$ cat data.cif   # mmCIF, C-alpha atoms
data_coords
loop_
_atom_site.group_PDB
_atom_site.id
_atom_site.type_symbol
_atom_site.label_atom_id
_atom_site.label_comp_id
_atom_site.auth_asym_id
_atom_site.auth_seq_id
_atom_site.Cartn_x
_atom_site.Cartn_y
_atom_site.Cartn_z
ATOM 1 C CA MET A 562 67.191 96.685 57.144
ATOM 2 C CA SER A 563 64.690 96.044 59.952
ATOM 3 C CA VAL A 564 65.457 97.103 63.490
ATOM 4 C CA LYS A 565 64.695 94.709 66.272
ATOM 5 C CA ARG A 566 62.849 96.592 68.954
ATOM 6 C CA LYS A 567 63.499 96.044 72.591
ATOM 7 C CA SER A 568 60.735 94.823 74.831
ATOM 8 C CA PRO A 569 58.040 97.395 75.673
ATOM 9 C CA THR A 570 59.405 97.725 79.195
ATOM 10 C CA HIS A 571 62.710 99.047 77.853
ATOM 11 C CA TYR A 572 61.768 100.827 74.687
ATOM 12 C CA LYS A 573 58.708 102.669 73.540
ATOM 13 C CA GLU A 574 58.244 104.702 70.436
ATOM 14 C CA GLN A 575 55.077 106.616 69.896
ATOM 15 C CA PHE A 576 54.665 109.544 67.630
ATOM 16 C CA VAL A 577 53.641 112.789 69.250
ATOM 17 C CA ASP A 578 50.562 114.485 67.910
ATOM 18 C CA GLU A 579 50.953 117.712 65.928
ATOM 19 C CA GLY A 580 48.863 119.604 68.416
ATOM 20 C CA GLU A 581 51.136 118.902 71.360
ATOM 21 C CA SER A 582 53.315 121.660 72.757
ATOM 22 C CA LEU A 583 56.993 120.850 73.110
ATOM 23 C CA TRP A 584 59.235 122.563 75.635
ATOM 24 C CA ARG A 585 62.962 123.114 75.266
ATOM 25 C CA GLY A 586 65.198 124.478 78.044
ATOM 26 C CA ILE A 587 67.382 127.412 76.993
ATOM 27 C CA CYS A 588 70.827 128.170 78.399
ATOM 28 C CA GLY A 589 71.493 131.796 79.322
ATOM 29 C CA PHE A 590 74.165 132.168 76.651
ATOM 30 C CA GLN A 591 71.620 131.237 73.997
ATOM 31 C CA ILE A 592 69.220 134.064 74.752
ATOM 32 C CA LYS A 593 69.490 137.015 72.440
ATOM 33 C CA LYS A 594 68.171 140.503 72.951
ATOM 34 C CA LYS A 595 66.272 141.719 69.937
ATOM 35 C CA LEU A 596 66.283 145.241 68.536
ATOM 36 C CA ASP A 597 62.931 145.935 70.181
ATOM 37 C CA GLY A 598 64.323 145.007 73.599
ATOM 38 C CA SER A 599 62.582 141.655 73.881
ATOM 39 C CA TYR A 600 64.406 138.333 74.029
ATOM 40 C CA ARG A 601 64.390 135.325 71.769
ATOM 41 C CA PRO A 602 66.262 132.035 71.846
ATOM 42 C CA SER A 603 69.189 131.685 69.487
ATOM 43 C CA SER A 604 68.694 129.159 66.716
ATOM 44 C CA GLY A 605 71.768 127.458 68.135
ATOM 45 C CA ALA A 606 69.567 126.122 70.945
ATOM 46 C CA PHE A 607 67.635 124.071 68.406
ATOM 47 C CA LYS A 608 70.471 122.745 66.294
ATOM 48 C CA SER A 609 70.861 119.144 67.172
ATOM 49 C CA THR A 610 70.466 115.619 65.939
ATOM 50 C CA ASP A 611 67.461 114.198 67.769
ATOM 51 C CA LEU A 612 66.553 117.346 69.683
ATOM 52 C CA SER A 613 65.506 116.675 73.280
ATOM 53 C CA VAL A 614 62.236 118.274 74.359
ATOM 54 C CA ASP A 615 59.521 117.782 76.960
ATOM 55 C CA ILE A 616 55.905 117.111 76.037
ATOM 56 C CA ALA A 617 54.004 119.899 77.766
ATOM 57 C CA SER A 618 50.927 117.797 78.568
ATOM 58 C CA LYS A 619 53.041 115.351 80.543
ATOM 59 C CA THR A 620 54.910 117.835 82.721
ATOM 60 C CA THR A 621 54.811 121.274 84.310
ATOM 61 C CA PRO A 622 56.961 124.353 83.797
ATOM 62 C CA GLU A 623 58.354 123.932 87.308
ATOM 63 C CA LYS A 624 59.569 120.429 86.499
ATOM 64 C CA SER A 625 60.879 121.199 83.026
ATOM 65 C CA ILE A 626 62.728 124.426 83.829
ATOM 66 C CA ARG A 627 65.295 122.526 85.946
ATOM 67 C CA ASN A 628 68.569 124.529 85.759
ATOM 68 C CA PHE A 629 67.745 126.375 82.568
ATOM 69 C CA ALA A 630 67.673 130.145 82.299
ATOM 70 C CA ALA A 631 64.372 129.980 80.429
ATOM 71 C CA LEU A 632 61.917 127.555 78.875
ATOM 72 C CA SER A 633 60.675 127.938 75.320
ATOM 73 C CA GLY A 634 57.740 126.161 73.732
ATOM 74 C CA PHE A 635 56.655 125.403 70.204
ATOM 75 C CA LEU A 636 54.004 123.223 68.630
ATOM 76 C CA ALA A 637 55.020 119.764 67.484
ATOM 77 C CA ALA A 638 53.397 120.681 64.163
ATOM 78 C CA VAL A 639 56.232 123.126 63.476
ATOM 79 C CA ALA A 640 58.851 120.393 63.593
ATOM 80 C CA ILE A 641 56.696 117.736 61.936
ATOM 81 C CA ARG A 642 55.826 119.937 58.962
ATOM 82 C CA LEU A 643 59.509 120.724 58.501
ATOM 83 C CA GLY A 644 60.098 117.004 58.137
ATOM 84 C CA TYR A 645 61.099 115.981 61.671
ATOM 85 C CA PRO A 646 58.905 113.375 63.361
ATOM 86 C CA VAL A 647 58.521 113.731 67.103
ATOM 87 C CA VAL A 648 58.550 110.588 69.203
ATOM 88 C CA GLU A 649 58.042 109.943 72.882
ATOM 89 C CA ALA A 650 61.284 108.878 74.548
ATOM 90 C CA PRO A 651 60.744 108.764 78.306
ATOM 91 C CA VAL A 652 63.868 108.499 80.414
ATOM 92 C CA GLU A 653 64.465 107.511 84.002
ATOM 93 C CA ASP A 654 63.561 110.791 85.683
ATOM 94 C CA ASN A 655 61.454 112.335 82.956
ATOM 95 C CA ASP A 656 58.323 110.706 81.569
ATOM 96 C CA ALA A 657 57.685 113.764 79.402
ATOM 97 C CA HIS A 658 60.915 113.457 77.427
ATOM 98 C CA ALA A 659 60.616 113.280 73.651
ATOM 99 C CA LEU A 660 62.872 113.593 70.637
ATOM 100 C CA VAL A 661 62.530 115.654 67.491
ATOM 101 C CA LYS A 662 64.092 113.089 65.203
ATOM 102 C CA GLY A 663 66.644 113.988 62.575
ATOM 103 C CA LYS A 664 69.458 116.481 62.091
ATOM 104 C CA ILE A 665 67.941 119.932 62.224
ATOM 105 C CA THR A 666 69.349 122.243 59.578
ATOM 106 C CA LYS A 667 70.372 125.851 60.099
ATOM 107 C CA GLY A 668 67.293 127.270 58.423
ATOM 108 C CA HIS A 669 64.889 124.931 60.189
ATOM 109 C CA ALA A 670 66.483 125.638 63.572
ATOM 110 C CA ARG A 671 65.849 129.320 62.955
ATOM 111 C CA LYS A 672 62.232 128.630 61.974
ATOM 112 C CA ILE A 673 61.691 126.629 65.140
ATOM 113 C CA ALA A 674 63.288 129.415 67.178
ATOM 114 C CA ASN A 675 61.045 131.970 65.459
ATOM 115 C CA ALA A 676 57.964 129.865 66.175
ATOM 116 C CA SER A 677 58.779 129.368 69.849
ATOM 117 C CA GLU A 678 57.353 131.397 72.692
ATOM 118 C CA TRP A 679 58.483 131.705 76.255
ATOM 119 C CA VAL A 680 56.875 129.301 78.719
ATOM 120 C CA VAL A 681 59.203 130.602 81.401
ATOM 121 C CA GLY A 682 60.891 133.738 80.168
ATOM 122 C CA PRO A 683 64.402 134.894 81.062
ATOM 123 C CA LYS A 684 64.271 136.854 84.300
ATOM 124 C CA LEU A 685 67.636 138.568 84.314
ATOM 125 C CA GLU A 686 69.836 140.342 81.788
ATOM 126 C CA THR A 687 71.190 137.310 79.935
ATOM 127 C CA GLY A 688 73.115 136.469 76.838
ATOM 128 C CA ASN A 689 75.461 139.013 75.233
ATOM 129 C CA MET B 588 83.736 154.861 62.026
ATOM 130 C CA TYR B 589 87.455 154.735 61.513
ATOM 131 C CA ASP B 590 89.731 155.816 58.743
ATOM 132 C CA GLN B 591 92.808 153.824 58.076
ATOM 133 C CA THR B 592 95.014 156.146 56.104
ATOM 134 C CA MET B 593 97.551 153.600 55.111
ATOM 135 C CA THR B 594 97.334 149.891 54.653
ATOM 136 C CA LEU B 595 99.687 148.032 56.927
ATOM 137 C CA SER B 596 102.011 145.772 55.063
ATOM 138 C CA ASP B 597 105.274 144.023 55.638
ATOM 139 C CA LYS B 598 107.041 147.040 54.300
ATOM 140 C CA HIS B 599 105.641 149.251 56.995
ATOM 141 C CA CYS B 600 105.242 147.007 59.972
ATOM 142 C CA ARG B 601 107.419 145.098 62.274
ATOM 143 C CA THR B 602 106.392 142.223 64.431
ATOM 144 C CA PRO B 603 103.061 142.952 66.091
ATOM 145 C CA THR B 604 104.198 142.910 69.691
ATOM 146 C CA ILE B 605 103.946 145.541 72.315
ATOM 147 C CA GLY B 606 107.284 147.200 72.920
ATOM 148 C CA THR B 607 108.833 150.307 74.326
ATOM 149 C CA LEU B 608 109.810 153.490 72.637
ATOM 150 C CA SER B 609 112.733 155.423 73.907
ATOM 151 C CA GLY B 610 112.718 159.162 73.688
ATOM 152 C CA ALA B 611 115.709 158.972 71.423
ATOM 153 C CA ALA B 612 113.914 156.585 69.103
ATOM 154 C CA LEU B 613 110.930 158.892 68.843
ATOM 155 C CA LEU B 614 113.100 161.832 68.115
ATOM 156 C CA GLY B 615 115.367 159.899 65.820
ATOM 157 C CA SER B 616 115.507 160.387 62.115
ATOM 158 C CA LEU B 617 112.273 159.366 60.502
ATOM 159 C CA LYS B 618 111.809 157.335 57.399
ATOM 160 C CA GLU B 619 108.137 157.120 57.656
ATOM 161 C CA ILE B 620 105.238 158.238 59.753
ATOM 162 C CA ILE B 621 102.144 156.164 59.853
ATOM 163 C CA GLN B 622 98.985 157.426 61.402
ATOM 164 C CA LEU B 623 96.296 155.013 62.266
ATOM 165 C CA PHE B 624 92.854 156.095 63.297
ATOM 166 C CA TRP B 625 90.881 153.408 64.886
ATOM 167 C CA GLU B 626 87.412 154.103 66.205
ATOM 168 C CA GLU B 627 87.914 157.175 68.365
ATOM 169 C CA ARG B 628 91.530 156.424 69.149
ATOM 170 C CA THR B 629 94.424 157.928 67.304
ATOM 171 C CA ILE B 630 97.668 156.056 67.513
ATOM 172 C CA THR B 631 100.753 157.592 66.057
ATOM 173 C CA TYR B 632 103.946 155.714 65.919
ATOM 174 C CA ARG B 633 107.083 156.158 64.004
ATOM 175 C CA HIS B 634 108.881 153.407 62.275
ATOM 176 C CA PRO B 635 112.500 154.315 61.888
ATOM 177 C CA TRP B 636 113.721 152.189 59.084
ATOM 178 C CA PRO B 637 117.423 151.450 59.689
ATOM 179 C CA GLU B 638 119.864 152.505 57.015
ATOM 180 C CA SER B 639 121.733 149.239 57.378
ATOM 181 C CA LYS B 640 122.045 146.287 59.610
ATOM 182 C CA THR B 641 124.927 148.017 61.367
ATOM 183 C CA ASP B 642 122.677 150.845 62.403
ATOM 184 C CA PRO B 643 123.077 151.001 66.199
ATOM 185 C CA THR B 644 119.393 151.764 66.695
ATOM 186 C CA TYR B 645 118.229 148.704 64.800
ATOM 187 C CA GLU B 646 117.996 146.407 67.763
ATOM 188 C CA SER B 647 116.629 148.965 70.166
ATOM 189 C CA ASP B 648 113.634 150.087 68.132
ATOM 190 C CA GLN B 649 110.791 147.779 68.935
ATOM 191 C CA ILE B 650 107.608 149.306 67.815
ATOM 192 C CA VAL B 651 104.475 148.181 67.982
ATOM 193 C CA VAL B 652 101.160 148.745 69.339
ATOM 194 C CA ALA B 653 98.593 146.095 68.872
ATOM 195 C CA ILE B 654 95.361 147.708 67.905
ATOM 196 C CA GLU B 655 92.057 146.022 67.817
ATOM 197 C CA PRO B 656 88.707 147.465 66.869
ATOM 198 C CA LYS B 657 86.229 147.560 69.723
ATOM 199 C CA TRP B 658 83.849 145.158 68.058
ATOM 200 C CA LEU B 659 86.568 142.552 67.658
ATOM 201 C CA ALA B 660 87.697 142.897 71.263
ATOM 202 C CA LYS B 661 84.135 142.385 72.461
ATOM 203 C CA ALA B 662 83.560 139.418 70.180
ATOM 204 C CA LYS B 663 86.728 137.751 71.423
ATOM 205 C CA TYR B 664 85.726 138.398 75.013
ATOM 206 C CA ASP B 665 82.356 136.753 74.403
ATOM 207 C CA LEU B 666 84.067 133.903 72.579
ATOM 208 C CA ASP B 667 86.327 133.301 75.570
ATOM 209 C CA ARG B 668 83.274 133.136 77.833
ATOM 210 C CA ILE B 669 81.732 130.473 75.613
ATOM 211 C CA MET B 670 84.944 128.490 75.661
ATOM 212 C CA ALA B 671 84.830 128.347 79.454
ATOM 213 C CA LEU B 672 81.535 126.442 79.433
ATOM 214 C CA PRO B 673 81.886 123.021 81.076
ATOM 215 C CA GLU B 674 80.708 119.643 79.864
ATOM 216 C CA ASN B 675 76.920 119.384 79.766
ATOM 217 C CA TRP B 676 76.647 123.174 79.835
ATOM 218 C CA ASP B 677 73.124 123.065 78.362
ATOM 219 C CA SER B 678 71.897 120.195 80.561
ATOM 220 C CA TYR B 679 71.261 118.221 77.377
ATOM 221 C CA GLY B 680 74.681 116.600 77.353
ATOM 222 C CA SER B 681 76.459 119.084 75.067
ATOM 223 C CA PRO B 682 80.234 118.872 75.384
ATOM 224 C CA SER B 683 82.552 121.809 75.925
ATOM 225 C CA ILE B 684 83.469 123.682 72.766
ATOM 226 C CA PRO B 685 86.448 122.022 71.041
ATOM 227 C CA GLU B 686 89.599 124.105 70.727
ATOM 228 C CA VAL B 687 89.704 123.709 66.949
ATOM 229 C CA LEU B 688 86.316 125.391 66.598
ATOM 230 C CA TYR B 689 87.498 128.243 68.806
ATOM 231 C CA LYS B 690 90.546 128.743 66.584
ATOM 232 C CA ASN B 691 88.426 128.672 63.432
ATOM 233 C CA ALA B 692 85.979 131.166 64.902
ATOM 234 C CA GLU B 693 88.781 133.458 66.052
ATOM 235 C CA ASN B 694 90.457 133.356 62.641
ATOM 236 C CA PHE B 695 87.127 134.116 61.020
ATOM 237 C CA LEU B 696 86.761 137.209 63.176
ATOM 238 C CA ARG B 697 90.302 138.297 62.489
ATOM 239 C CA SER B 698 89.726 138.048 58.756
ATOM 240 C CA LEU B 699 87.103 140.767 59.237
ATOM 241 C CA GLU B 700 89.331 142.960 61.380
ATOM 242 C CA VAL B 701 89.260 145.916 59.012
ATOM 243 C CA GLU B 702 85.524 145.752 58.483
ATOM 244 C CA ASN B 703 83.398 148.469 59.994
ATOM 245 C CA ILE B 704 80.806 146.283 61.693
ATOM 246 C CA GLU B 705 79.171 145.763 65.037
ATOM 247 C CA ALA B 706 80.171 142.980 67.380
ATOM 248 C CA PRO B 707 78.171 139.821 66.686
ATOM 249 C CA PHE B 708 76.014 138.055 69.216
ATOM 250 C CA VAL B 709 78.113 135.047 70.225
ATOM 251 C CA ALA B 710 76.268 131.915 71.320
ATOM 252 C CA PRO B 711 77.156 128.295 71.938
ATOM 253 C CA VAL B 712 75.468 125.735 69.702
ATOM 254 C CA SER B 713 73.908 122.678 71.256
ATOM 255 C CA GLY B 714 76.085 119.683 70.528
ATOM 256 C CA GLY B 715 79.250 121.730 71.018
ATOM 257 C CA GLY B 716 79.674 124.574 68.563
ATOM 258 C CA ILE B 717 79.894 128.342 68.193
ATOM 259 C CA GLN B 718 77.547 130.737 66.428
ATOM 260 C CA PHE B 719 77.890 134.382 65.484
ATOM 261 C CA GLU B 720 74.783 136.411 64.737
ATOM 262 C CA TRP B 721 74.759 139.823 63.091
ATOM 263 C CA GLN B 722 71.804 141.996 62.256
ATOM 264 C CA ASN B 723 71.562 145.002 59.987
ATOM 265 C CA LYS B 724 67.950 146.186 59.840
ATOM 266 C CA ALA B 725 65.964 143.391 58.174
ATOM 267 C CA ARG B 726 69.043 141.403 57.181
ATOM 268 C CA GLU B 727 70.577 138.884 59.536
ATOM 269 C CA LEU B 728 73.577 136.639 59.152
ATOM 270 C CA GLU B 729 74.320 133.585 61.242
ATOM 271 C CA ILE B 730 77.726 131.923 61.051
ATOM 272 C CA GLU B 731 78.226 128.599 62.767
ATOM 273 C CA PHE B 732 81.317 126.559 63.618
ATOM 274 C CA VAL B 733 80.306 122.986 64.352
ATOM 275 C CA GLN B 734 82.664 121.100 62.062
ATOM 276 C CA SER B 735 86.423 121.451 62.091
ATOM 277 C CA ASN B 736 86.952 122.168 58.390
ATOM 278 C CA VAL B 737 84.005 124.329 57.380
ATOM 279 C CA PHE B 738 81.877 127.181 58.638
ATOM 280 C CA GLY B 739 78.195 127.327 57.924
ATOM 281 C CA TYR B 740 76.141 130.403 57.127
ATOM 282 C CA LEU B 741 72.482 131.326 57.124
ATOM 283 C CA LYS B 742 71.100 134.470 55.531
ATOM 284 C CA ILE B 743 67.850 135.835 56.891
ATOM 285 C CA ILE B 744 65.627 138.635 55.700
ATOM 286 C CA GLY B 745 62.682 139.750 57.775
ATOM 287 C CA ASP B 746 63.050 136.749 60.101
ATOM 288 C CA GLU B 747 62.784 134.353 57.167
ATOM 289 C CA PRO B 748 65.780 132.165 56.252
ATOM 290 C CA ILE B 749 66.552 132.663 52.560
ATOM 291 C CA ASP B 750 69.869 130.936 51.938
ATOM 292 C CA GLU B 751 72.252 128.636 53.738
ATOM 293 C CA GLY B 752 75.439 126.805 52.948
ATOM 294 C CA GLN B 753 78.994 126.303 54.053
ATOM 295 C CA PHE B 754 82.534 127.259 53.102
ATOM 296 C CA SER B 755 86.000 126.050 53.953
ATOM 297 C CA VAL B 756 87.286 127.608 57.179
ATOM 298 C CA ARG B 757 90.113 129.123 55.128
ATOM 299 C CA ASP B 758 87.788 130.791 52.660
ATOM 300 C CA TYR B 759 88.111 134.266 54.133
ATOM 301 C CA ASN B 760 87.010 135.872 50.904
ATOM 302 C CA SER B 761 83.609 134.244 51.267
ATOM 303 C CA ALA B 762 83.494 135.502 54.844
ATOM 304 C CA ARG B 763 83.990 139.066 53.625
ATOM 305 C CA LEU B 764 81.364 138.622 50.909
ATOM 306 C CA LEU B 765 78.854 137.480 53.503
ATOM 307 C CA ILE B 766 79.557 140.584 55.556
ATOM 308 C CA LYS B 767 79.211 142.669 52.427
ATOM 309 C CA TRP B 768 75.773 141.129 51.883
ATOM 310 C CA LEU B 769 74.865 141.922 55.469
ATOM 311 C CA LYS B 770 75.919 145.550 55.080
ATOM 312 C CA THR B 771 74.682 146.274 51.570
ATOM 313 C CA GLY B 772 72.370 143.475 50.500
ATOM 314 C CA GLN B 773 74.700 142.752 47.612
ATOM 315 C CA SER B 774 76.324 139.370 47.178
#
$ encode --input "data.cif" --output "structure tokens"
Amino acid sequence: MSVKRKSPTHYKEQFVDEGESLWRGICGFQIKKKLDGSYRPSSGAFKSTDLSVDIASKTTPEKSIRNFAALSGFLAAVAIRLGYPVVEAPVEDNDAHALVKGKITKGHARKIANASEWVVGPKLETGN
Amino acid sequence: MYDQTMTLSDKHCRTPTIGTLSGAALLGSLKEIIQLFWEERTITYRHPWPESKTDPTYESDQIVVAIEPKWLAKAKYDLDRIMALPENWDSYGSPSIPEVLYKNAENFLRSLEVENIEAPFVAPVSGGGIQFEWQNKARELEIEFVQSNVFGYLKIIGDEPIDEGQFSVRDYNSARLLIKWLKTGQS
């Protein structure tokens, strides 16, 4: 079944290149302290259908951090090679917004979490 | 570590509520003594079993001390914190955690009450769910509650996911087997 697209002024879909960095805001409750004392995001932060992210080349850490406790980043290639296309999906106040399309499984969410690095790390004692 | 010297059963326990013990009740004739060692606490209570329903002490003996392992108390505390998260708690539009998922998660924890384990890391899941994470050296176990009738699991070894699936929320035996895998590596 074909999908009628809206006019370009209302809808735009463009695939994000594998080499792009994607940023995902992390809530304080989703930051876990590892055995070595460092912090990592819980895989629960990446479990979603159509995961919202920011395209790093279209924004700055100061803009993307918003109210999040931390900002994590991973390459689009990680999601794409797991089978999730990444498409640009700008919204009213965020031209950098994109979606990792599909329902991310438990194992894949963990792989994305493992592959992510802090763009803006957690500053305080957070999580449990 | 704790050592439970006797399994609690209907024969030995009354209603699990906190009550008062009169001096007379403590010193009354004993049918049974149960000692429970839990973590570093030792709770001793006597359970005078009435000879008959006409026993005058029957109504006055309300025993019970609710005992919870430390790990379970902490996990429930963390769970309650997650439940207090408001709508859009992650700024990505995630709703508050539904009550049914809280109940399922709590029951899951309770089914492991006698296990000697550490408290899990408790995290909210984007989209409105709950996740428990345990780690034992290289083995990790993630348990998620995002659907009302099942819980999902993910086994990890050395940071690599190796197995995932789901069970009915009432399948407490599978819950214990997952914990056994976490502790021993055996399925």
$ residues_around --input "data.cif" --residues "Pro711 of chain B" --least-positions-apart "3" --cutoff "8 Å" --atoms "all atoms listed in the file" --output "list in words"
Phe590, Gln591, Gly605 and Ala606 of chain A; Ile669, Ile684, Gly715, Gly716, Ile717 and Gln718 of chain B
$ resolve_selection --input "data.cif" --expression "the PyMOL selection byres ((chain B) within 7 of (chain A))" --output "PyMOL selection string"
chain B and resi 677+708-714+718+741+748+751
$ resolve_selection --input "data.cif" --expression "the PyMOL selection byres ((chain B and resi 720) around 8)" --output "mmCIF file with C-alpha atoms, in the coordinates of the input"
data_model
loop_
_atom_site.group_PDB
_atom_site.id
_atom_site.type_symbol
_atom_site.label_atom_id
_atom_site.label_comp_id
_atom_site.auth_asym_id
_atom_site.auth_seq_id
_atom_site.Cartn_x
_atom_site.Cartn_y
_atom_site.Cartn_z
ATOM 1 C CA PRO B 707 78.171 139.821 66.686
ATOM 2 C CA PHE B 708 76.014 138.055 69.216
ATOM 3 C CA VAL B 709 78.113 135.047 70.225
ATOM 4 C CA GLN B 718 77.547 130.737 66.428
ATOM 5 C CA PHE B 719 77.890 134.382 65.484
ATOM 6 C CA TRP B 721 74.759 139.823 63.091
ATOM 7 C CA GLN B 722 71.804 141.996 62.256
ATOM 8 C CA GLU B 727 70.577 138.884 59.536
ATOM 9 C CA LEU B 728 73.577 136.639 59.152
ATOM 10 C CA GLU B 729 74.320 133.585 61.242
ATOM 11 C CA ILE B 730 77.726 131.923 61.051
#
$ axis_aligned_box --input "data.cif" --around "segment 676-693 of chain B" --padding-each-side "8 Å" --output "JSON"
{"center_x": 80.9, "center_y": 125.0, "center_z": 72.0, "size_x": 35.3, "size_y": 32.9, "size_z": 33.1}
$ resolve_selection --input "data.cif" --expression "the PyMOL selection byres ((chain B and resi 661) around 12)" --output "PyMOL selection string"
(chain A and resi 689) or (chain B and resi 655-660+662-668+693+696+704-709)
$ write_last_selection --input "data.cif" --atoms "C-alpha atoms" --output "PDB file, in the coordinates of the input"
ATOM      1  CA  ASN A 689      75.461 139.013  75.233  1.00  0.00           C
TER       2      ASN A 689
ATOM      3  CA  GLU B 655      92.057 146.022  67.817  1.00  0.00           C
ATOM      4  CA  PRO B 656      88.707 147.465  66.869  1.00  0.00           C
ATOM      5  CA  LYS B 657      86.229 147.560  69.723  1.00  0.00           C
ATOM      6  CA  TRP B 658      83.849 145.158  68.058  1.00  0.00           C
ATOM      7  CA  LEU B 659      86.568 142.552  67.658  1.00  0.00           C
ATOM      8  CA  ALA B 660      87.697 142.897  71.263  1.00  0.00           C
ATOM      9  CA  ALA B 662      83.560 139.418  70.180  1.00  0.00           C
ATOM     10  CA  LYS B 663      86.728 137.751  71.423  1.00  0.00           C
ATOM     11  CA  TYR B 664      85.726 138.398  75.013  1.00  0.00           C
ATOM     12  CA  ASP B 665      82.356 136.753  74.403  1.00  0.00           C
ATOM     13  CA  LEU B 666      84.067 133.903  72.579  1.00  0.00           C
ATOM     14  CA  ASP B 667      86.327 133.301  75.570  1.00  0.00           C
ATOM     15  CA  ARG B 668      83.274 133.136  77.833  1.00  0.00           C
ATOM     16  CA  GLU B 693      88.781 133.458  66.052  1.00  0.00           C
ATOM     17  CA  LEU B 696      86.761 137.209  63.176  1.00  0.00           C
ATOM     18  CA  ILE B 704      80.806 146.283  61.693  1.00  0.00           C
ATOM     19  CA  GLU B 705      79.171 145.763  65.037  1.00  0.00           C
ATOM     20  CA  ALA B 706      80.171 142.980  67.380  1.00  0.00           C
ATOM     21  CA  PRO B 707      78.171 139.821  66.686  1.00  0.00           C
ATOM     22  CA  PHE B 708      76.014 138.055  69.216  1.00  0.00           C
ATOM     23  CA  VAL B 709      78.113 135.047  70.225  1.00  0.00           C
TER      24      VAL B 709
END
$ atom_distance --input "data.cif" --atom1 "atom CA of Tyr645 of chain A" --atom2 "atom CA of Glu731 of chain B"
21.3 Å
$ atom_distance --input "data.cif" --atom1 "atom CA of Val756 of chain B" --atom2 "atom CA of Phe695 of chain B"
7.6 Å
$ atom_distance --input "data.cif" --atom1 "atom CA of Lys690 of chain B" --atom2 "atom CA of Phe754 of chain B"
15.8 Å
$ residues_around --input "data.cif" --residues "Glu649 of chain A" --least-positions-apart "5" --cutoff "9 Å" --atoms "only C-alpha atoms" --output "count of residues only"
12
$ closest_residue --input "data.cif" --among "B:Ala725, B:Ser681, B:Val701, B:Asn691" --to "Trp768 of chain B" --atoms "only C-alpha atoms"
B:Ala725
$ closest_residue --input "data.cif" --among "A:Ala640, A:Leu632, A:Ala676, A:Ala617" --to "Ser582 of chain A" --atoms "only C-alpha atoms"
A:Ala617
$ closest_residue --input "data.cif" --among "B:Ser774, B:Asn736, B:Ser761, B:Ser683" --to "Ala671 of chain B" --atoms "all atoms listed in the file"
B:Ser683
$ closest_residue --input "data.cif" --among "A:Asp611, A:Glu581, A:Glu623, A:Asp597" --to "Lys662 of chain A" --atoms "all atoms listed in the file"
A:Asp611
